[in-house]
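**Student:** Quick one: the structure is below, questions incoming.
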Amino acid sequence: MLANLVVEYIKDGLSKLSPANLVGADSLAGGTIPKIAELPEPIRIVVESAYGHGIGNVFLAASPVALVAILAIMFLPNIPLSNKSNAEKIAELRAEQEQLEQ
């Protein structure tokens, strides 16, 4: 989701720049994450803005999922933890079974 949003935001941002400001934009064509410090100022602003908006939108989209998870956790029954290990429980069950068999 983030990758698709960033690509769209970068395309929109670059389309609004004048041709004189697009010098160095060919470094974005490789499909790799650009080195922000090496980009010209106008293109750097577009890339930073695209990632900022994209990350914000991802968190906004994930918030309903987090809310549903919190609600589901609230409705889970409260089961107290046991103080016995699994091996101790199995030993008790075997002892009970042996008593029933006798």
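Each chain in the structure tokens gets a letter, A, B, ..., in the order shown, and its residues are numbered from 1; ligands are numbered from 1 in order too.
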Sort by chain and increasing residue number a table of all residues of stretch 22-101 of chain A within 7 Å of stretch 3-18 of chain A, each with its closest pair of atoms and their distance in Å to one decimal, counting only C-alpha atoms, and write it as JSON lines.
**Tutor:**
{"residue": "A:Leu22", "atom": "CA", "partner": "A:Ser18", "partner_atom": "CA", "distance": 6.7}
{"residue": "A:Val46", "atom": "CA", "partner": "A:Gly13", "partner_atom": "CA", "distance": 5.6}
{"residue": "A:Val47", "atom": "CA", "partner": "A:Ile10", "partner_atom": "CA", "distance": 6.0}
{"residue": "A:Ala50", "atom": "CA", "partner": "A:Tyr9", "partner_atom": "CA", "distance": 5.0}
{"residue": "A:Tyr51", "atom": "CA", "partner": "A:Val6", "partner_atom": "CA", "distance": 5.7}
{"residue": "A:Gly54", "atom": "CA", "partner": "A:Leu5", "partner_atom": "CA", "distance": 5.4}
**Student:** Please report the interatomic distance between atom CA of A:Ile33 and atom CA of A:Ser63 in Å with one decimal.
**Tutor:**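 That distance, rounded to one decimal, is 26.1 Å.
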**Student:** Take atom CA of A:Glu38 and atom CA of A:Asp26 and report the distance between them in Å, one decimal.
**Tutor:**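 Result for atom CA of A:Glu38 versus atom CA of A:Asp26: 12.4 Å, one decimal.
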**Student:** Using atom CA of A:Val68 and atom CA of A:Gly56 as the two end points, give the distance in Å to one decimal.
**Tutor:** 19.3 Å
**Student:** Extract the full set of helix (DSSP H, G or I) residues from chain A according to DSSP on the backbone, and format it as an MDAnalysis selection string.
**Tutor:** chainID A and resid 2:16 19:22 25:28 36:38 41:74 86:101
